[in-house]
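Undergrad: Input structure_32.txt, format and content: compact mmCIF, C-alpha atoms.
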```txt
# COMPACT_ATOMS: atom_id res chain seq x y z
CA MET A 601 2.67 11.20 58.46
CA ARG A 602 4.77 9.37 55.91
CA GLY A 603 7.83 10.37 57.90
CA PHE A 604 6.37 8.80 61.04
CA GLU A 605 5.64 5.60 59.14
CA ARG A 606 9.20 5.49 57.82
CA ARG A 607 10.63 5.77 61.33
CA LEU A 608 7.90 3.84 63.13
CA ASN A 609 10.31 1.14 64.29
CA GLU A 610 12.29 3.80 66.15
CA PHE A 611 9.15 4.82 68.05
CA HIS A 612 8.29 1.21 68.79
CA ALA A 613 11.87 0.56 69.95
CA ARG A 614 11.28 3.30 72.54
CA GLY A 615 7.98 1.73 73.60
CA VAL A 616 5.94 4.53 72.06
CA GLU A 617 2.87 3.85 69.92
CA VAL A 618 1.93 6.29 67.19
CA LEU A 619 -1.79 7.00 66.76
CA ALA A 620 -3.39 9.11 64.07
CA ILE A 621 -6.75 10.71 64.87
CA SER A 622 -9.16 12.53 62.55
CA VAL A 623 -12.87 12.80 61.76
CA ASP A 624 -12.40 10.41 58.84
CA SER A 625 -14.47 7.23 58.87
CA ASN A 626 -12.77 3.87 59.36
CA GLU A 627 -13.48 3.18 55.72
CA GLU A 628 -11.74 6.38 54.60
CA SER A 629 -8.73 5.69 56.85
CA ARG A 630 -8.52 2.12 55.59
CA LYS A 631 -8.25 3.41 52.06
CA LEU A 632 -5.64 5.98 53.07
CA SER A 633 -3.54 3.45 54.97
CA ALA A 634 -3.74 0.97 52.12
CA SER A 635 -2.69 3.52 49.52
CA GLN A 636 0.06 5.11 51.62
CA GLY A 637 1.27 1.99 53.39
CA TYR A 638 0.56 3.26 56.90
CA THR A 639 0.75 0.52 59.51
CA TYR A 640 0.16 2.46 62.74
CA PRO A 641 -3.41 2.73 64.02
CA PHE A 642 -5.77 5.30 62.54
CA LEU A 643 -8.59 6.18 64.90
CA SER A 644 -11.91 7.57 63.76
CA ASP A 645 -13.38 10.45 65.76
CA ALA A 646 -16.29 11.16 63.43
CA LYS A 647 -18.08 13.46 65.88
CA ALA A 648 -14.87 15.28 66.77
CA GLU A 649 -15.45 14.59 70.48
CA VAL A 650 -11.89 13.62 71.33
CA ILE A 651 -10.63 16.34 69.01
CA SER A 652 -12.65 18.88 71.03
CA ARG A 653 -11.44 17.37 74.32
CA TYR A 654 -7.89 18.03 73.19
CA GLY A 655 -8.78 21.57 72.18
CA VAL A 656 -7.72 21.09 68.58
CA LEU A 657 -11.04 21.55 66.81
CA HIS A 658 -11.00 23.60 63.63
CA ALA A 659 -14.66 24.56 63.42
CA ARG A 660 -16.36 24.42 60.00
CA ALA A 661 -13.05 23.94 58.16
CA GLY A 662 -14.08 20.71 56.46
CA GLU A 663 -16.35 19.86 53.59
CA ASN A 664 -19.82 21.44 53.90
CA GLY A 665 -18.77 23.33 56.99
CA ARG A 666 -17.94 20.20 58.92
CA ASP A 667 -15.83 20.47 62.09
CA ILE A 668 -12.44 18.84 61.71
CA ALA A 669 -9.15 18.63 63.59
CA ARG A 670 -6.37 21.12 63.12
CA PRO A 671 -2.94 19.47 62.84
CA ALA A 672 -1.44 18.86 66.29
CA GLU A 673 0.77 16.36 68.06
CA PHE A 674 0.72 15.29 71.72
CA LEU A 675 3.22 13.01 73.41
CA VAL A 676 1.70 11.17 76.38
CA ASP A 677 3.83 9.19 78.84
CA ALA A 678 2.93 5.93 80.61
CA THR A 679 1.30 7.80 83.52
CA GLY A 680 -1.07 9.56 81.11
CA THR A 681 0.70 12.89 81.45
CA ILE A 682 1.24 15.04 78.39
CA ARG A 683 4.94 15.65 77.95
CA TRP A 684 5.10 17.51 74.67
CA VAL A 685 2.62 19.47 72.57
CA ASN A 686 3.18 20.70 69.05
CA LEU A 687 0.61 23.13 67.63
CA THR A 688 1.75 24.28 64.23
CA ASP A 689 0.70 27.72 62.97
CA ASP A 690 1.02 26.61 59.35
CA LEU A 691 -0.74 23.68 57.70
CA ARG A 692 2.33 22.98 55.61
CA VAL A 693 4.70 22.81 58.57
CA ARG A 694 4.22 19.64 60.63
CA ALA A 695 6.14 17.97 63.39
CA ARG A 696 8.89 15.82 61.98
CA PRO A 697 9.56 12.38 63.44
CA GLU A 698 13.08 13.41 64.41
CA ASN A 699 11.67 16.18 66.64
CA ALA A 700 9.38 13.77 68.43
CA LEU A 701 12.12 11.14 68.77
CA ARG A 702 14.46 13.73 70.25
CA VAL A 703 11.83 14.74 72.80
CA ILE A 704 11.26 11.09 73.75
CA ASP A 705 15.00 10.54 74.20
CA GLU A 706 15.40 13.67 76.31
CA LEU A 707 12.48 12.65 78.55
CA THR A 708 13.86 9.13 78.91
CA LEU A 709 17.27 10.52 79.87
CA ALA A 710 15.73 12.96 82.32
CA SER A 711 13.68 10.27 84.06
CA ALA A 712 16.69 7.92 84.22
CA ARG A 713 18.78 10.51 86.03
CA MET B 919 11.99 40.86 7.45
CA LYS B 920 10.68 37.99 9.48
CA ARG B 921 11.00 38.67 13.18
CA ASN B 922 12.31 36.05 15.60
CA TRP B 923 10.09 34.07 17.88
CA ASN B 924 10.59 35.38 21.41
CA ALA B 925 11.55 32.13 23.11
CA TRP B 926 12.63 33.80 26.36
CA MET B 927 9.13 34.83 27.28
CA TRP B 928 7.64 31.45 26.56
CA ALA B 929 10.41 29.81 28.57
CA GLY B 930 9.67 32.17 31.45
CA PHE B 931 5.96 31.40 31.33
CA GLY B 932 6.65 27.67 31.05
CA LEU B 933 9.02 27.81 34.01
CA THR B 934 6.34 29.55 36.08
CA LEU B 935 3.99 26.65 35.35
CA VAL B 936 6.71 24.10 36.12
CA ALA B 937 7.54 25.85 39.40
CA ALA B 938 3.94 25.91 40.63
CA PHE B 939 3.10 22.35 39.61
CA SER B 940 6.37 20.83 40.78
CA TYR B 941 5.64 22.20 44.26
CA ILE B 942 2.17 20.69 44.35
CA SER B 943 3.19 17.36 42.86
CA LEU B 944 6.75 16.87 44.10
CA PHE B 945 8.32 19.30 46.56
CA ILE B 946 5.36 19.21 48.93
CA TRP B 947 6.33 15.67 49.88
CA PHE B 948 9.65 16.67 51.40
CA PRO B 949 9.71 18.88 54.51
CA ILE B 950 12.97 20.47 53.39
CA THR B 951 11.40 21.88 50.22
CA ARG B 952 7.88 22.23 51.63
CA ASP B 953 8.19 24.17 54.88
CA ILE B 954 10.09 26.96 53.12
CA PRO B 955 9.45 26.52 49.39
CA TRP B 956 12.89 27.77 48.42
CA VAL B 957 13.20 25.66 45.25
CA THR B 958 9.87 26.98 43.99
CA LEU B 959 10.74 30.58 44.81
CA LEU B 960 14.09 30.28 43.03
CA LEU B 961 12.30 28.86 39.99
CA PHE B 962 9.89 31.82 40.08
CA ILE B 963 12.82 34.23 40.20
CA ALA B 964 14.43 32.49 37.22
CA ALA B 965 11.08 32.61 35.38
CA GLY B 966 10.76 36.32 36.11
CA TRP B 967 14.25 36.91 34.77
CA LEU B 968 13.43 35.04 31.53
CA LEU B 969 10.24 37.04 31.12
CA ALA B 970 12.09 40.31 31.76
CA VAL B 971 14.72 39.46 29.14
CA GLY B 972 11.96 38.54 26.69
CA LEU B 973 10.07 41.77 27.30
CA LYS B 974 13.25 43.81 26.98
CA ARG B 975 13.87 42.23 23.60
CA ALA B 976 10.30 42.67 22.43
CA TYR B 977 10.23 46.35 23.31
CA GLY B 978 13.92 47.19 22.87
CA GLN B 979 14.38 45.52 19.52
CA PRO B 980 10.86 45.22 18.07
CA GLU B 981 12.35 44.98 14.59
CA ARG B 982 14.06 41.72 15.55
CA TYR B 983 11.80 40.16 18.14
CA ARG B 984 8.12 39.48 18.37
CA GLY B 985 6.14 39.43 21.58
CA LYS B 986 4.98 42.93 22.47
CA VAL B 987 1.44 41.75 23.06
CA SER B 988 2.03 38.10 23.95
CA GLY B 989 4.83 39.16 26.30
CA VAL B 990 2.50 41.32 28.35
CA ILE B 991 -0.15 38.61 28.43
CA LEU B 992 2.34 35.93 29.47
CA SER B 993 3.86 38.20 32.11
CA VAL B 994 0.49 39.05 33.62
CA LEU B 995 -0.49 35.36 33.67
CA SER B 996 2.82 34.45 35.28
CA LEU B 997 2.54 37.15 37.92
CA ALA B 998 -1.03 36.09 38.65
CA MET B 999 0.12 32.50 39.11
CA ILE B 1000 2.99 33.51 41.37
CA GLY B 1001 0.63 35.69 43.38
CA LEU B 1002 -1.89 32.88 43.70
CA PHE B 1003 0.85 30.48 44.77
CA CYS B 1004 2.16 32.86 47.41
CA TYR B 1005 -1.35 33.52 48.67
CA GLY B 1006 -2.05 29.80 48.88
CA THR B 1007 1.19 28.86 50.58
CA PHE B 1008 1.82 31.85 52.82
CA VAL B 1009 -1.66 33.07 53.73
CA LEU B 1010 -4.23 30.29 53.36
CA THR B 1011 -2.16 27.68 55.18
CA LYS B 1012 -1.89 29.99 58.19
CA ASP B 1013 -5.65 29.75 58.67
CA ILE B 1014 -5.55 27.65 61.85
CA PRO B 1015 -7.30 28.39 65.15
CA PRO B 1016 -4.90 29.18 68.02
CA SER B 1017 -6.24 26.26 70.13
CA ALA B 1018 -5.63 28.06 73.40
CA ASP B 1019 -7.69 25.41 75.24
CA ALA B 1020 -5.44 22.54 74.21
CA PRO B 1021 -3.96 20.76 77.24
CA ARG B 1022 -0.35 21.64 77.90
CA ALA B 1023 2.69 19.63 78.82
CA GLY B 1024 2.37 18.50 82.43
CA GLN B 1025 -1.41 18.16 82.28
CA HIS B 1026 -3.25 14.88 82.21
CA ALA B 1027 -4.10 13.64 78.73
CA PRO B 1028 -7.88 13.40 78.29
CA GLU B 1029 -8.93 9.75 78.17
CA PHE B 1030 -10.54 8.41 75.01
CA THR B 1031 -11.66 5.23 73.33
CA LEU B 1032 -11.87 5.27 69.55
CA ALA B 1033 -12.17 2.55 66.94
CA ASP B 1034 -9.25 1.76 64.68
CA THR B 1035 -9.71 0.88 61.01
CA GLY B 1036 -10.48 -2.71 61.95
CA GLY B 1037 -13.30 -1.50 64.20
CA LYS B 1038 -11.36 -2.50 67.32
CA PRO B 1039 -11.70 0.03 70.17
CA VAL B 1040 -8.43 1.57 71.30
CA ALA B 1041 -8.43 3.13 74.77
CA LEU B 1042 -5.56 5.44 75.67
CA SER B 1043 -5.38 4.17 79.28
CA GLU B 1044 -5.29 0.53 78.13
CA LEU B 1045 -2.62 1.28 75.56
CA LEU B 1046 -0.44 2.99 78.15
CA LYS B 1047 -0.46 -0.15 80.32
CA THR B 1048 1.66 -1.87 77.72
CA HIS B 1049 3.56 1.11 76.28
CA LYS B 1050 5.94 3.73 77.62
CA GLY B 1051 4.06 6.39 75.75
CA ALA B 1052 1.79 7.35 72.91
CA LEU B 1053 2.22 9.95 70.24
CA LEU B 1054 -1.16 11.33 69.19
CA ILE B 1055 -1.17 12.85 65.73
CA PHE B 1056 -4.29 14.87 65.03
CA TYR B 1057 -4.74 15.58 61.34
CA ARG B 1058 -7.34 17.25 59.18
CA GLY B 1059 -8.34 14.10 57.35
CA TYR B 1060 -9.75 13.56 53.91
CA TRP B 1061 -13.44 13.36 54.96
```
Translate the structure of the given file into structure tokens.
TA:
Amino acid sequence: MRGFERRLNEFHARGVEVLAISVDSNEESRKLSASQGYTYPFLSDAKAEVISRYGVLHARAGENGRDIARPAEFLVDATGTIRWVNLTDDLRVRARPENALRVIDELTLASAR
Amino acid sequence: MKRNWNAWMWAGFGLTLVAAFSYISLFIWFPITRDIPWVTLLLFIAAGWLLAVGLKRAYGQPERYRGKVSGVILSVLSLAMIGLFCYGTFVLTKDIPPSADAPRAGQHAPEFTLADTGGKPVALSELLKTHKGALLIFYRGYW
């Protein structure tokens, strides 16, 4: 997520907003953003409803058996269609901003053709 | 005759500690050293080599080098740490559900409205009126 912050202007230059979603409270995310310098929106899905809707629930993986999100990235275009999904099979291996930027550029090129 | 301190073994044990803690505190921040922890594994190999040299000296030349007992203890501790590290990084982090129900590319993104840290509701459909796209990053969180 630090990588996405570092290259946030490149996403914004392409008209793409970056949104982080977890079960964390607004308070928790505020602290995280302040300490890490994140400037993109952090959205709180405390009941994991949206997380479930996107099929990325990791049941009972949090503190005290709480349901949380598994790491996942979705790229949605202006029509609300999902264009790219990244479901890692390893918590240590996350999507890198350059992957997402490349996908955005390829989609833009494809739609311009 | 006073026997020499077996520095190789202690160096090997120390390097094992350095390798494990440098991954957690430093290399984990960079995808290039995190996704495949090659720096850490190389450090472990170097540590194992130092321990092996130390043990060889302790048992091969016990009249010159100390460390028959401490060498075994340090080696076992080092191996346990390496094993724990490998278990943590190669097994535990693979504990993720397959998420077969997740929407795929080409499907409509489920609509949502969630509050940002300022308490302001953010609706996906509203956001997409003014943007060409949105990248949703789901993460485990800190609870």
Undergrad: In terms of the shortest atom-to-atom distance over only C-alpha atoms, which of B:Gly1001, B:Pro955, B:Leu995, B:Gly978 is closest to chain A?
TA: B:Pro955
Undergrad: Compute the set of chain B residues within 9 Å of chain A, using only C-alpha atoms, and express it as a ChimeraX atom specification.
TA: /B:946-947,949,952-954,1007-1037,1039-1040,1042-1043,1045-1061
Undergrad: Can you work out the spacing between atom CA of Tyr977 of chain B and atom CA of Phe1003 of chain B in Å, to one decimal?
TA: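 It comes out at 28.3 Å.
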Undergrad: Grab the atom CA of Met999 of chain B to atom CA of Leu935 of chain B distance for me, in Å with one decimal place.
TA: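 Interatomic distance, atom CA of Met999 of chain B to atom CA of Leu935 of chain B: 8.0 Å.
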Undergrad: Output, as AutoDock Vina command-line options, the centre and edge lengths in Å (one decimal) of the axis-aligned box that contains all listed atoms of segment 611-628 of chain A with 6 Å of margin on each side.
TA:
```
--center_x -1.3 --center_y 6.7 --center_z 64.1 --size_x 38.3 --size_y 24.2 --size_z 31.0
```
Undergrad: What is the atom CA of Gln636 of chain A to atom CA of Leu1002 of chain B distance in Å?
TA: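 We find that atom CA of Gln636 of chain A and atom CA of Leu1002 of chain B lie 28.9 Å from each other.
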Undergrad: Looking at A:Gly665, A:Pro697, A:Val703, A:Arg660, which one is nearest to Glu610 of chain A, with distances taken over all atoms listed in the file?
TA: A:Pro697
Undergrad: Just checking: using all atoms listed in the file, which residue out of B:Leu968, B:Ala925, B:Val994, B:Cys1004 ends up closest to Tyr941 of chain B?
TA: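 For Tyr941 of chain B, the nearest of the candidates is B:Cys1004.
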